[in-house]
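Participant: Dropping in protein.txt, which is compact mmCIF, C-alpha atoms:
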```txt
# COMPACT_ATOMS: atom_id res chain seq x y z
CA MET E 28 -1.43 9.82 -67.77
CA VAL E 29 -4.30 8.65 -65.56
CA ALA E 30 -1.86 6.81 -63.30
CA VAL E 31 0.21 9.95 -62.87
CA GLY E 32 -2.96 11.86 -61.95
CA VAL E 33 -4.00 9.27 -59.34
CA LEU E 34 -0.49 9.25 -57.86
CA ALA E 35 -0.44 13.03 -57.63
CA ALA E 36 -3.84 13.04 -55.89
CA ALA E 37 -2.69 10.37 -53.41
CA CYS E 38 0.45 12.36 -52.62
CA THR E 39 -1.54 15.46 -51.80
CA ARG E 40 -4.06 13.51 -49.65
CA ALA E 41 -1.55 11.48 -47.65
CA PRO E 42 -0.31 14.28 -45.32
CA THR E 43 -3.93 15.32 -44.56
CA THR E 44 -4.88 11.74 -43.62
CA GLN E 45 -1.75 11.38 -41.51
CA LYS E 46 -2.50 14.64 -39.71
CA SER E 47 -6.05 13.54 -39.01
CA THR E 48 -4.83 10.20 -37.61
CA ASP E 49 -2.31 12.00 -35.38
CA LEU E 50 -5.00 14.32 -34.08
CA ARG E 51 -7.31 11.41 -33.28
CA ALA E 52 -4.47 9.60 -31.48
CA GLU E 53 -3.76 12.75 -29.50
CA VAL E 54 -7.42 13.12 -28.51
CA ALA E 55 -7.50 9.46 -27.41
CA ARG E 56 -4.32 9.96 -25.36
CA LEU E 57 -5.68 13.08 -23.69
CA GLN E 58 -8.99 11.39 -22.95
CA ARG E 59 -7.20 8.50 -21.26
CA THR E 60 -4.83 10.77 -19.37
CA SER E 61 -7.56 13.03 -18.02
CA ALA E 62 -9.69 10.03 -16.97
CA LEU E 63 -6.71 8.58 -15.10
CA LEU E 64 -5.91 11.88 -13.41
CA GLN E 65 -9.53 12.26 -12.32
CA ARG E 66 -9.51 8.75 -10.79
CA GLN E 67 -6.29 9.50 -8.92
CA ILE E 68 -7.80 12.72 -7.55
CA ASP E 69 -10.87 10.76 -6.45
CA LEU E 70 -8.62 8.24 -4.69
CA ALA E 71 -6.67 11.02 -2.99
CA ASP E 72 -9.93 12.54 -1.72
CA GLU E 73 -10.89 9.31 0.08
CA LYS E 74 -9.67 8.15 3.48
CA GLU E 75 -8.54 4.73 2.26
CA PHE E 76 -5.00 3.67 1.43
CA TYR E 77 -4.33 2.90 -2.21
CA LEU E 78 -1.67 1.41 -4.44
CA VAL E 79 -0.66 3.02 -7.71
CA ILE E 80 1.12 0.83 -10.23
CA ASP E 81 3.00 2.81 -12.83
CA PRO E 82 4.21 0.37 -15.49
CA ALA E 83 6.05 3.12 -17.36
CA GLY E 84 7.95 4.14 -14.22
CA SER E 85 8.38 0.49 -13.09
CA GLU E 86 7.18 1.15 -9.57
CA VAL E 87 4.30 0.61 -7.22
CA SER E 88 3.49 3.25 -4.61
CA LEU E 89 1.52 3.01 -1.40
CA MET E 90 -0.47 6.23 -1.12
CA LEU E 91 -2.83 8.03 1.22
CA ARG E 92 -4.48 11.36 0.54
CA GLY E 93 -2.12 12.08 -2.31
CA ALA E 94 1.00 11.42 -0.24
CA GLN E 95 3.42 8.77 -1.40
CA LEU E 96 4.10 6.76 1.76
CA GLN E 97 6.35 4.13 0.27
CA ARG E 98 7.58 3.26 -3.17
CA TYR E 99 8.67 -0.17 -4.36
CA PRO E 100 10.55 -0.70 -7.63
CA VAL E 101 9.03 -3.29 -9.94
CA LEU E 102 11.58 -5.39 -11.81
CA GLY E 103 9.17 -7.09 -14.17
CA LEU E 104 5.49 -7.06 -14.98
CA GLN E 105 3.46 -9.76 -16.69
CA ILE E 106 -0.25 -10.10 -17.39
CA GLY E 107 -1.93 -13.45 -16.76
CA HIS E 108 -5.30 -14.56 -18.09
CA PRO E 109 -7.06 -17.78 -17.06
CA ARG E 110 -7.47 -20.61 -19.50
CA VAL E 111 -9.06 -24.02 -19.26
CA SER E 112 -7.88 -26.83 -21.57
CA TRP E 113 -6.00 -24.32 -23.74
CA VAL E 114 -9.13 -22.19 -24.15
CA GLY E 115 -8.66 -18.63 -22.89
CA ARG E 116 -11.21 -17.21 -20.47
CA HIS E 117 -10.49 -13.55 -21.10
CA ASP E 118 -12.56 -11.10 -19.13
CA PRO E 119 -13.43 -8.30 -21.56
CA ARG E 120 -13.80 -5.67 -18.79
CA PRO E 121 -11.01 -3.08 -18.72
CA TRP E 122 -8.62 -3.47 -15.80
CA GLN E 123 -6.19 -0.66 -16.50
CA GLY E 124 -7.26 2.73 -15.24
CA THR E 125 -10.06 1.13 -13.21
CA THR E 126 -10.21 1.61 -9.44
CA TRP E 127 -10.05 -1.76 -7.72
CA LEU E 128 -11.36 -2.01 -4.17
CA ASN E 129 -10.86 -4.03 -1.02
CA GLY E 130 -7.45 -5.58 -1.70
CA LYS E 131 -6.55 -8.37 0.70
CA LEU E 132 -3.39 -10.35 1.20
CA ASP E 133 -3.49 -14.04 0.31
CA PRO E 134 -2.22 -15.76 2.43
CA PRO E 135 -3.29 -13.21 5.06
CA ARG E 136 -0.83 -11.72 7.51
CA GLN E 137 -1.35 -13.47 10.82
CA ILE E 138 -1.75 -11.23 13.84
CA ASP E 139 -1.45 -13.01 17.15
CA ARG E 140 -2.66 -10.67 19.83
CA LEU E 141 -1.36 -11.18 23.32
CA VAL E 142 -4.30 -10.99 25.73
CA ILE E 143 -3.50 -10.03 29.31
CA GLN E 144 -6.00 -10.37 32.09
CA ALA E 145 -4.94 -7.79 34.67
CA ALA E 146 -4.86 -8.88 38.29
CA PRO E 147 -7.37 -7.01 40.47
CA PRO E 148 -5.91 -3.89 42.10
CA GLY E 149 -4.18 -4.41 45.41
CA LYS E 150 -3.74 -8.12 44.86
CA ASP E 151 -0.14 -9.14 45.36
CA VAL E 152 1.39 -10.51 42.25
CA ALA E 153 3.28 -13.61 43.32
CA GLU E 154 6.40 -12.90 41.34
CA PRO E 155 7.01 -10.37 38.63
CA GLU E 156 7.42 -12.13 35.33
CA PRO E 157 10.77 -11.67 33.62
CA ALA E 158 10.66 -9.00 30.93
CA VAL E 159 10.27 -10.59 27.51
CA ILE E 160 11.73 -8.77 24.52
CA PRO E 161 9.04 -8.85 21.85
CA PRO E 162 9.93 -10.07 18.37
CA THR E 163 10.71 -7.74 15.49
CA ALA E 164 8.41 -7.51 12.45
CA GLU E 165 10.80 -9.80 10.56
CA GLU E 166 10.48 -12.44 13.28
CA LEU E 167 6.76 -11.92 13.70
CA TYR E 168 5.56 -12.03 10.10
CA PRO E 169 7.13 -14.67 7.89
CA VAL E 170 6.62 -13.79 4.23
CA PRO E 171 5.65 -16.50 1.71
CA THR E 172 7.90 -16.81 -1.34
CA ARG E 173 4.99 -15.68 -3.51
CA TYR E 174 1.75 -14.10 -2.47
CA HIS E 175 -1.29 -12.34 -3.89
CA ILE E 176 -3.16 -9.15 -3.19
CA ARG E 177 -6.70 -9.93 -4.35
CA PHE E 178 -9.19 -7.20 -5.17
CA ALA E 179 -12.98 -7.37 -5.28
CA GLY E 180 -14.03 -7.83 -8.90
CA GLY E 181 -11.30 -10.22 -9.92
CA LEU E 182 -7.95 -8.46 -10.29
CA SER E 183 -5.09 -10.10 -8.47
CA LEU E 184 -1.53 -8.96 -7.97
CA GLU E 185 0.91 -11.82 -7.74
CA ILE E 186 4.09 -10.72 -6.03
CA ARG E 187 7.16 -12.78 -6.74
CA PRO E 188 10.48 -11.82 -5.26
CA ARG E 189 13.15 -12.09 -7.90
CA GLU E 190 15.30 -15.14 -7.29
CA ALA E 191 12.83 -16.26 -4.66
CA ASP E 192 13.70 -19.89 -5.24
CA ALA E 193 17.38 -19.34 -5.94
CA ASN E 194 18.49 -20.53 -2.53
CA ALA E 195 16.17 -23.53 -2.50
CA GLY E 196 17.31 -26.95 -3.63
CA ARG E 197 16.25 -28.54 -6.90
CA TRP E 198 13.52 -30.67 -5.29
CA ALA E 199 12.18 -27.76 -3.28
CA ARG E 200 11.97 -25.66 -6.46
CA LEU E 201 10.24 -28.50 -8.29
CA TRP E 202 7.77 -28.95 -5.46
CA ALA E 203 7.05 -25.18 -5.33
CA SER E 204 6.38 -25.01 -9.06
CA TRP E 205 4.27 -28.22 -8.96
CA SER E 206 2.08 -26.96 -6.12
CA ALA E 207 1.77 -23.52 -7.78
CA LYS E 208 0.60 -25.22 -10.98
CA TRP E 209 -2.06 -27.18 -9.09
CA ARG E 210 -3.25 -24.03 -7.33
CA ASP E 211 -3.48 -22.23 -10.67
CA VAL E 212 -5.38 -25.15 -12.23
CA ALA E 213 -7.88 -25.17 -9.36
CA SER E 214 -8.24 -21.39 -9.52
CA ALA E 215 -8.79 -21.35 -13.30
CA VAL E 216 -11.31 -24.21 -13.24
CA LEU E 217 -13.41 -23.00 -10.31
CA ALA E 218 -15.23 -19.85 -11.43
CA ARG E 219 -15.65 -18.81 -7.80
CA ASP E 220 -11.87 -18.60 -7.25
CA ARG E 221 -10.89 -17.43 -10.71
CA ASP E 222 -8.87 -14.26 -11.07
CA ALA E 223 -10.19 -12.32 -14.05
CA VAL E 224 -6.72 -10.95 -14.63
CA ARG E 225 -3.43 -11.33 -12.83
CA LEU E 226 -0.58 -8.91 -12.73
CA ARG E 227 2.58 -10.72 -11.84
CA MET E 228 5.16 -8.38 -10.38
CA ALA E 229 8.76 -9.34 -9.80
CA MET E 230 10.34 -7.35 -6.98
CA ASN E 231 13.48 -7.31 -4.92
CA PRO E 232 13.04 -9.77 -2.03
CA LYS E 233 13.34 -7.00 0.57
CA ASP E 234 10.71 -4.86 -1.16
CA ALA E 235 8.35 -7.82 -1.57
CA GLU E 236 8.71 -8.65 2.13
CA SER E 237 8.25 -5.02 3.15
CA LEU E 238 5.06 -4.71 1.06
CA TYR E 239 3.64 -7.90 2.60
CA ARG E 240 4.35 -6.77 6.15
CA SER E 241 3.15 -3.19 5.76
CA LEU E 242 0.13 -3.45 3.46
CA PRO E 243 -2.86 -1.82 5.18
CA PRO E 244 -6.20 -3.67 5.10
CA ALA E 245 -8.79 -3.07 2.35
CA VAL E 246 -6.33 -1.25 0.13
CA ARG E 247 -7.41 0.13 -3.27
CA LEU E 248 -5.55 -0.05 -6.56
CA ILE E 249 -5.18 1.76 -9.83
CA VAL E 250 -2.90 0.76 -12.69
CA LEU E 251 -1.77 3.73 -14.72
CA ALA E 252 -1.40 3.78 -18.47
CA GLY E 253 0.85 6.00 -20.49
CA ARG E 254 2.56 8.83 -18.71
CA PRO E 255 -0.01 11.02 -16.98
CA ASP E 256 2.58 13.64 -16.15
CA ALA E 257 3.71 13.95 -19.76
CA PRO E 258 3.19 17.42 -21.23
CA ALA E 259 -0.39 17.58 -22.28
CA ASP E 260 -0.18 20.60 -24.56
CA SER E 261 -1.18 20.02 -28.09
CA LYS E 262 0.43 22.29 -30.56
CA MET S 9 -7.42 -45.81 -20.92
CA THR S 10 -4.00 -44.55 -21.99
CA LEU S 11 -5.66 -42.22 -24.48
CA VAL S 12 -7.97 -40.79 -21.80
CA THR S 13 -5.00 -40.25 -19.48
CA LEU S 14 -3.10 -38.58 -22.30
CA LEU S 15 -6.04 -36.29 -23.11
CA LEU S 16 -6.45 -35.39 -19.45
CA ALA S 17 -2.74 -34.62 -19.18
CA ILE S 18 -2.96 -32.36 -22.25
CA ALA S 19 -6.02 -30.60 -20.83
CA TRP S 20 -4.28 -30.21 -17.47
CA ALA S 21 -1.19 -28.74 -19.10
CA GLY S 22 -3.35 -26.13 -20.84
CA THR S 23 -5.21 -25.11 -17.68
CA GLY S 24 -4.15 -22.36 -15.34
CA TYR S 25 -2.95 -18.88 -16.22
CA ARG S 26 -1.15 -17.79 -19.36
CA TYR S 27 1.31 -14.99 -18.75
CA GLU S 28 2.52 -12.47 -21.26
CA PRO S 29 4.89 -9.54 -20.83
CA TYR S 30 3.09 -6.28 -20.15
CA VAL S 31 2.60 -4.30 -23.31
CA GLU S 32 0.67 -1.10 -23.14
CA ALA S 33 -2.47 -0.98 -25.25
CA PRO S 34 -2.80 2.15 -27.38
CA PRO S 35 -5.45 4.57 -26.11
CA ALA S 36 -8.82 4.28 -27.76
CA LEU S 37 -11.24 7.12 -28.47
CA SER S 38 -14.20 7.21 -26.15
CA GLY S 39 -17.48 9.08 -26.00
CA ASP S 40 -18.70 11.45 -28.70
CA VAL S 41 -15.82 12.30 -30.96
CA PRO S 42 -16.58 14.50 -33.98
CA ALA S 43 -16.06 12.87 -37.33
CA ASN S 44 -14.59 15.92 -39.07
CA ASP S 45 -11.13 17.20 -38.29
CA ARG S 46 -12.26 20.79 -37.89
CA SER S 47 -14.16 19.96 -34.71
CA LEU S 48 -11.37 17.71 -33.45
CA LYS S 49 -8.94 20.57 -32.88
CA PRO S 50 -11.09 22.46 -30.35
CA LEU S 51 -11.79 19.16 -28.57
CA ALA S 52 -8.06 18.44 -28.35
CA SER S 53 -7.44 21.93 -26.94
CA ARG S 54 -10.21 21.53 -24.36
CA LEU S 55 -8.83 18.15 -23.32
CA ALA S 56 -5.31 19.54 -23.06
CA ARG S 57 -6.55 22.33 -20.78
CA ARG S 58 -8.52 19.88 -18.66
CA THR S 59 -5.50 17.59 -18.37
CA ARG S 60 -3.35 20.52 -17.23
CA ASP S 61 -5.96 21.48 -14.61
CA LEU S 62 -6.29 17.92 -13.36
CA ASN S 63 -2.51 17.58 -13.16
CA ALA S 64 -2.38 20.69 -10.99
CA ARG S 65 -5.23 19.43 -8.81
CA LEU S 66 -3.54 16.06 -8.36
CA LYS S 67 -0.25 17.71 -7.41
CA ALA S 68 -2.13 19.87 -4.88
CA THR S 69 -3.37 16.74 -3.06
CA ALA S 70 0.21 15.80 -2.09
CA PRO S 71 1.46 17.29 1.18
CA ARG S 72 3.68 20.32 0.79
CA GLY S 73 6.61 20.98 3.09
CA VAL S 74 7.54 18.67 5.94
CA TYR S 75 5.46 15.62 6.82
CA ILE S 76 5.94 12.47 8.88
CA VAL S 77 5.34 8.92 7.64
CA ILE S 78 5.22 5.98 10.06
CA ASP S 79 5.30 2.33 9.07
CA GLN S 80 3.82 0.83 12.21
CA THR S 81 4.39 -2.81 11.28
CA GLN S 82 8.08 -2.40 10.61
CA ASN S 83 8.51 0.32 13.24
CA ARG S 84 10.06 2.94 11.00
CA LEU S 85 9.56 6.69 10.99
CA TYR S 86 10.35 8.84 7.96
CA LEU S 87 10.62 12.59 8.11
CA LYS S 88 10.00 13.93 4.61
CA ARG S 89 10.01 17.23 2.82
CA ASN S 90 8.30 17.04 -0.56
CA ASP S 91 10.06 14.14 -2.31
CA GLU S 92 13.13 14.21 -0.07
CA THR S 93 13.58 11.97 2.99
CA LEU S 94 15.23 14.04 5.72
CA LEU S 95 15.37 11.31 8.33
CA GLN S 96 14.76 7.59 8.56
CA ALA S 97 14.47 6.47 12.17
CA VAL S 98 13.67 3.32 14.09
CA CYS S 99 10.62 3.73 16.31
CA SER S 100 8.22 1.66 18.39
CA ALA S 101 4.54 1.52 17.51
CA GLY S 102 1.59 -0.12 19.28
CA SER S 103 2.08 -3.68 20.48
CA GLY S 104 -1.43 -4.84 19.50
CA MET S 105 -1.78 -6.30 23.00
CA VAL S 106 -5.23 -6.63 24.57
CA LEU S 107 -5.58 -5.70 28.26
CA LYS S 108 -8.64 -6.87 30.17
CA GLU S 109 -9.72 -5.40 33.46
CA SER S 110 -10.57 -8.03 36.09
CA GLY S 111 -12.82 -6.12 38.44
CA GLY S 112 -14.65 -2.81 38.20
CA LYS S 113 -16.13 -2.08 34.79
CA LYS S 114 -14.40 -5.04 33.13
CA ARG S 115 -13.07 -2.76 30.43
CA GLU S 116 -10.83 -3.83 27.57
CA TRP S 117 -8.09 -1.91 25.77
CA VAL S 118 -6.38 -2.74 22.48
CA PHE S 119 -2.94 -1.17 22.14
CA ASP S 120 -2.84 -0.48 18.41
CA SER S 121 -1.43 2.62 16.76
CA PRO S 122 -4.09 4.31 14.64
CA ARG S 123 -3.89 4.19 10.83
CA GLY S 124 -4.56 7.16 8.59
CA ARG S 125 -3.74 10.83 8.21
CA PHE S 126 -3.31 13.01 11.26
CA GLU S 127 -1.81 16.38 12.09
CA VAL S 128 0.41 17.63 14.87
CA LEU S 129 -2.09 19.36 17.15
CA SER S 130 0.31 20.53 19.83
CA MET S 131 4.02 20.32 20.63
CA LEU S 132 5.18 19.88 24.20
CA ARG S 133 8.64 20.38 25.64
CA ASN S 134 9.42 18.25 28.71
CA PRO S 135 5.98 16.65 28.52
CA VAL S 136 4.26 15.26 31.59
CA TRP S 137 2.23 12.12 31.06
CA ARG S 138 -1.21 12.13 32.58
CA LYS S 139 -1.58 8.40 33.06
CA PRO S 140 -4.89 7.01 31.80
CA ASP S 141 -6.85 4.30 33.63
CA TRP S 142 -5.27 1.45 31.70
CA ALA S 143 -1.81 2.36 33.01
CA PHE S 144 -3.01 1.60 36.55
CA VAL S 145 -5.03 -1.47 35.54
CA GLU S 146 -1.96 -2.89 33.77
CA GLU S 147 0.07 -2.54 36.97
CA SER S 148 -2.75 -3.84 39.17
CA GLN S 149 -2.90 -0.54 41.00
CA PRO S 150 -6.05 1.23 42.13
CA ILE S 151 -7.13 4.09 39.89
CA PRO S 152 -6.36 7.30 41.81
CA LYS S 153 -9.08 9.79 42.59
CA ASN S 154 -6.64 12.66 42.91
CA PRO S 155 -5.63 13.83 39.39
CA THR S 156 -2.14 14.81 40.53
CA GLU S 157 -1.41 11.15 41.30
CA ARG S 158 -1.77 10.43 37.59
CA LEU S 159 1.10 12.68 36.59
CA ASP S 160 4.27 10.97 35.48
CA TYR S 161 7.40 13.04 34.88
CA GLY S 162 10.17 12.14 32.46
CA SER S 163 8.84 8.93 30.88
CA LEU S 164 7.87 10.65 27.58
CA GLY S 165 11.35 12.01 26.95
CA GLU S 166 12.31 15.54 26.02
CA TYR S 167 9.52 16.31 23.53
CA ALA S 168 6.05 15.15 22.55
CA LEU S 169 4.04 15.84 19.40
CA TYR S 170 0.37 15.30 20.17
CA PHE S 171 -1.86 14.19 17.28
CA GLY S 172 -5.20 13.47 18.93
CA ASN S 173 -7.13 10.82 20.88
CA GLY S 174 -4.33 10.50 23.43
CA TYR S 175 -1.72 9.57 20.79
CA MET S 176 1.71 11.21 20.61
CA ILE S 177 5.10 10.89 19.04
CA HIS S 178 7.42 11.05 22.04
CA GLY S 179 10.71 9.87 23.52
CA THR S 180 11.33 6.75 25.54
CA LEU S 181 13.29 5.41 28.47
CA TYR S 182 13.60 2.06 26.70
CA GLU S 183 15.69 2.82 23.63
CA ARG S 184 16.88 -0.80 23.43
CA LEU S 185 13.31 -1.77 22.48
CA LEU S 186 13.14 0.58 19.50
CA GLY S 187 12.34 -1.32 16.32
CA ARG S 188 9.86 -3.52 18.18
CA ALA S 189 6.14 -2.99 18.63
CA VAL S 190 5.99 -2.36 22.38
CA SER S 191 4.03 0.85 22.91
CA HIS S 192 0.42 1.35 23.96
CA GLY S 193 -0.35 3.04 20.64
CA CYS S 194 1.91 6.09 20.77
CA ILE S 195 4.99 6.28 18.58
CA ARG S 196 8.21 6.13 20.60
CA VAL S 197 11.33 7.58 19.03
CA GLY S 198 14.97 7.65 20.18
CA HIS S 199 16.41 10.78 21.75
CA ASP S 200 18.47 12.09 18.82
CA ASP S 201 15.84 11.28 16.20
CA LEU S 202 13.15 12.96 18.29
CA ARG S 203 15.23 16.15 18.38
CA GLU S 204 15.42 16.06 14.58
CA VAL S 205 11.66 15.55 14.25
CA TRP S 206 11.03 18.36 16.76
CA ALA S 207 13.32 20.71 14.84
CA HIS S 208 11.44 20.24 11.54
CA ALA S 209 7.82 19.75 12.65
CA ASN S 210 5.27 22.41 13.45
CA VAL S 211 1.68 22.46 14.61
CA GLY S 212 -0.26 21.31 11.53
CA THR S 213 2.50 19.06 10.17
CA PRO S 214 0.76 16.04 8.57
CA ILE S 215 1.41 12.58 10.02
CA PHE S 216 0.65 9.50 7.93
CA ILE S 217 0.54 6.16 9.74
CA TYR S 218 0.14 2.90 7.81
```
Output the file's structure as structure tokens, nothing else.

Facilitator:
Amino acid sequence: MVAVGVLAAACTRAPTTQKSTDLRAEVARLQRTSALLQRQIDLADEKEFYLVIDPAGSEVSLMLRGAQLQRYPVLGLQIGHPRVSWVGRHDPRPWQGTTWLNGKLDPPRQIDRLVIQAAPPGKDVAEPEPAVIPPTAEELYPVPTRYHIRFAGGLSLEIRPREADANAGRWARLWASWSAKWRDVASAVLARDRDAVRLRMAMNPKDAESLYRSLPPAVRLIVLAGRPDAPADSK
Amino acid sequence: MTLVTLLLAIAWAGTGYRYEPYVEAPPALSGDVPANDRSLKPLASRLARRTRDLNARLKATAPRGVYIVIDQTQNRLYLKRNDETLLQAVCSAGSGMVLKESGGKKREWVFDSPRGRFEVLSMLRNPVWRKPDWAFVEESQPIPKNPTERLDYGSLGEYALYFGNGYMIHGTLYERLLGRAVSHGCIRVGHDDLREVWAHANVGTPIFIY
């Protein structure tokens, strides 16, 4: 008799509890969404270029003043945390939805400026130099098979073209993975070089190359969460 | 010795970065959230309204109508309308060259295209180039005192879209060099593409150069 009573009470309470949990989840979602929207508005109000990573939409966009200048599809996204001797060194600070500043390419894009000292006016130039056709961007800026965009505060984007090593021989692939491992070991051990969190993005080789060649200096970054453009009405 | 080496090898293997597939963390409540459900409903409604407003504000930051995007490293120009790309053209942006004056004021010029957001300030048909000092210094010619000697007809092509500080989107006599960074900072576009840009742009059209 008592058991039946308890069961009946539980059955009447369960929907109320469920409703309350749903409402709390909805409030949390709306809080996150509005915070993200506010940060994107703040970024659009500034004069600096910024990247927006949308994991749900599998794309990264280069933006300025709210305008999408270029969009690059992301084929895969992984999160990397440092560890030393199997012990994780997790940074408890939130990285998603935070605005990251001063992103720089590593290795940096080399710019070799041609410096011309003009001859004084009226002075006869001995012989006009033959016209040289300047190189294209593809010839001028070789793109490493993997590269980073490092932000102040410890977030790093690691860009890996999909099938980057596919055309390389077995030994070349082995050497690339061996040297990457050593770089990661050094980075994880030395606190000065340690990335608090890494986002590893796999991209089409052409997109990865294009991003490397075109990335403006001191770019900012925000990583979205959820779907900010999802209908926000609560019933 | 072997044991030490083995331990070091194990430690080495467990050092570096551990990668996991991206999984989105569920949103967590933040700030002052009322404990009772009665007060939660108005909060949810307020947040929903705020989210709608912010969404509208964010959308308003994006350019409306036609705008021009220029990738100066890869020498590409995109003519866009909202989310649609109307034209993708090969162009020539600034060469990045540095020119140093030998005599006179020993001035120095860097031929970069500017980065940022600009607007079309004026549109010129059959533009005449008023050659700046560097154009004479580059050719080792004396800088003329008579302003009419600075005027150059035809080298800017059929149209020019001026966007400030001496920078323009204009035509070129050297179409074979399109796709290469050869200009003095202006954006050179081929004849047919320039006509298309001219047809869609207006004074006030935003230009984004990155």

Participant: Residues of chain S within 7 Å of chain E: nearest atom pair and distance (Å, one decimal) for each, counting all atoms listed in the file, sorted by chain and number, as a tab-separated table?

Facilitator:
```
residue	atom	partner	partner_atom	distance
S:Ala19	CA	E:Ser112	CA	4.3
S:Trp20	CA	E:Ser112	CA	6.4
S:Gly22	CA	E:Trp113	CA	4.3
S:Thr23	CA	E:Val111	CA	4.3
S:Gly24	CA	E:Val212	CA	4.4
S:Tyr25	CA	E:Pro109	CA	4.3
S:Arg26	CA	E:Gly107	CA	5.1
S:Tyr27	CA	E:Gly107	CA	4.1
S:Glu28	CA	E:Ile106	CA	5.3
S:Pro29	CA	E:Gln105	CA	4.4
S:Tyr30	CA	E:Gln105	CA	4.9
S:Pro35	CA	E:Ala55	CA	5.5
S:Ala36	CA	E:Ala55	CA	5.4
S:Leu37	CA	E:Ala55	CA	4.5
S:Asp45	CA	E:Ser47	CA	6.3
S:Ala52	CA	E:Val54	CA	5.4
S:Ser53	CA	E:Ser261	CA	6.6
S:Leu55	CA	E:Leu57	CA	6.0
S:Ala56	CA	E:Ala259	CA	5.4
S:Arg58	CA	E:Ser61	CA	6.9
S:Thr59	CA	E:Ser61	CA	5.0
S:Arg60	CA	E:Ala259	CA	6.6
S:Leu62	CA	E:Leu64	CA	6.1
S:Asn63	CA	E:Leu64	CA	6.6
S:Leu66	CA	E:Ile68	CA	5.5
S:Thr69	CA	E:Gly93	CA	4.9
S:Ala70	CA	E:Gly93	CA	4.4
S:Pro71	CA	E:Ala94	CA	6.1
S:Val77	CA	E:Leu96	CA	6.4
S:Asp79	CA	E:Ser241	CA	6.8
S:Thr81	CA	E:Ser241	CA	5.7
S:Gln82	CA	E:Ala164	CA	5.4
S:Gly104	CA	E:Arg140	CA	6.0
S:Met105	CA	E:Leu141	CA	4.9
S:Val106	CA	E:Val142	CA	4.6
S:Leu107	CA	E:Ile143	CA	4.9
S:Lys108	CA	E:Gln144	CA	4.8
S:Glu109	CA	E:Ala145	CA	5.5
S:Ser110	CA	E:Pro147	CA	5.5
S:Gly111	CA	E:Pro147	CA	5.9
S:Val145	CA	E:Ala145	CA	6.4
S:Glu146	CA	E:Ala145	CA	5.8
S:Ser148	CA	E:Pro148	CA	4.3
S:Gln149	CA	E:Pro148	CA	4.6
S:Pro150	CA	E:Pro148	CA	5.1
S:Gly187	CA	E:Thr163	CA	6.7
S:Arg188	CA	E:Thr163	CA	5.1
S:Tyr218	CA	E:Pro243	CA	6.2
```

Participant: Kindly indicate which residue among S:Arg158, S:His199, S:Lys113, S:Lys67 lies nearest to Tyr182 in chain S, using only C-alpha atoms for the distances.

Facilitator: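 Smallest distance to Tyr182 in chain S is found for S:His199.
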
Participant: By how many Å are CA of Ile249 in chain E and CA of Pro34 in chain S apart?

Facilitator: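 These atoms are spaced 17.7 Å apart.
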
Participant: Between CA of Asn231 in chain E and CA of Leu182 in chain E, what is the spacing in Å?

Facilitator: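 Atom-to-atom, CA of Leu182 in chain E to CA of Asn231 in chain E, that is 22.1 Å.
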
Participant: Which distance in Å separates CA of Ile76 in chain S and CA of Val205 in chain S, to one decimal?

Facilitator: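 Atom-to-atom, CA of Ile76 in chain S and CA of Val205 in chain S are spaced 8.4 Å apart.
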
Participant: I'd like the neighbourhood of Pro100 in chain E as a PyMOL selection string, where a residue qualifies if any of its atoms comes within 10 Å (using only C-alpha atoms), though same-chain residues fewer than 5 positions away should be ignored.

Facilitator: chain E and resi 80-81+84-88+228-231+234-235

Participant: Please rebuild range 60-66 of chain S with N, CA, C and O atoms and give the result as a PDB file, in the frame of the given file.

Facilitator:
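Saved file part.pdb follows:
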```
ATOM      1  N   ARG S  60      -4.238  19.635 -18.000  1.00  0.00           N
ATOM      2  CA  ARG S  60      -3.350  20.520 -17.230  1.00  0.00           C
ATOM      3  C   ARG S  60      -3.962  20.840 -15.863  1.00  0.00           C
ATOM      4  O   ARG S  60      -3.292  20.781 -14.841  1.00  0.00           O
ATOM      5  N   ASP S  61      -5.262  21.155 -15.877  1.00  0.00           N
ATOM      6  CA  ASP S  61      -5.960  21.480 -14.610  1.00  0.00           C
ATOM      7  C   ASP S  61      -5.943  20.284 -13.656  1.00  0.00           C
ATOM      8  O   ASP S  61      -5.696  20.437 -12.459  1.00  0.00           O
ATOM      9  N   LEU S  62      -6.240  19.122 -14.213  1.00  0.00           N
ATOM     10  CA  LEU S  62      -6.290  17.920 -13.360  1.00  0.00           C
ATOM     11  C   LEU S  62      -4.903  17.600 -12.799  1.00  0.00           C
ATOM     12  O   LEU S  62      -4.775  17.198 -11.642  1.00  0.00           O
ATOM     13  N   ASN S  63      -3.888  17.798 -13.626  1.00  0.00           N
ATOM     14  CA  ASN S  63      -2.510  17.580 -13.160  1.00  0.00           C
ATOM     15  C   ASN S  63      -2.195  18.477 -11.972  1.00  0.00           C
ATOM     16  O   ASN S  63      -1.619  18.040 -10.982  1.00  0.00           O
ATOM     17  N   ALA S  64      -2.618  19.731 -12.088  1.00  0.00           N
ATOM     18  CA  ALA S  64      -2.380  20.690 -10.990  1.00  0.00           C
ATOM     19  C   ALA S  64      -3.158  20.291  -9.750  1.00  0.00           C
ATOM     20  O   ALA S  64      -2.641  20.358  -8.631  1.00  0.00           O
ATOM     21  N   ARG S  65      -4.403  19.841  -9.958  1.00  0.00           N
ATOM     22  CA  ARG S  65      -5.230  19.430  -8.810  1.00  0.00           C
ATOM     23  C   ARG S  65      -4.639  18.211  -8.125  1.00  0.00           C
ATOM     24  O   ARG S  65      -4.646  18.093  -6.904  1.00  0.00           O
ATOM     25  N   LEU S  66      -4.126  17.280  -8.941  1.00  0.00           N
ATOM     26  CA  LEU S  66      -3.540  16.060  -8.360  1.00  0.00           C
ATOM     27  C   LEU S  66      -2.281  16.415  -7.565  1.00  0.00           C
ATOM     28  O   LEU S  66      -2.068  15.904  -6.461  1.00  0.00           O
TER      29      LEU S  66
END
```
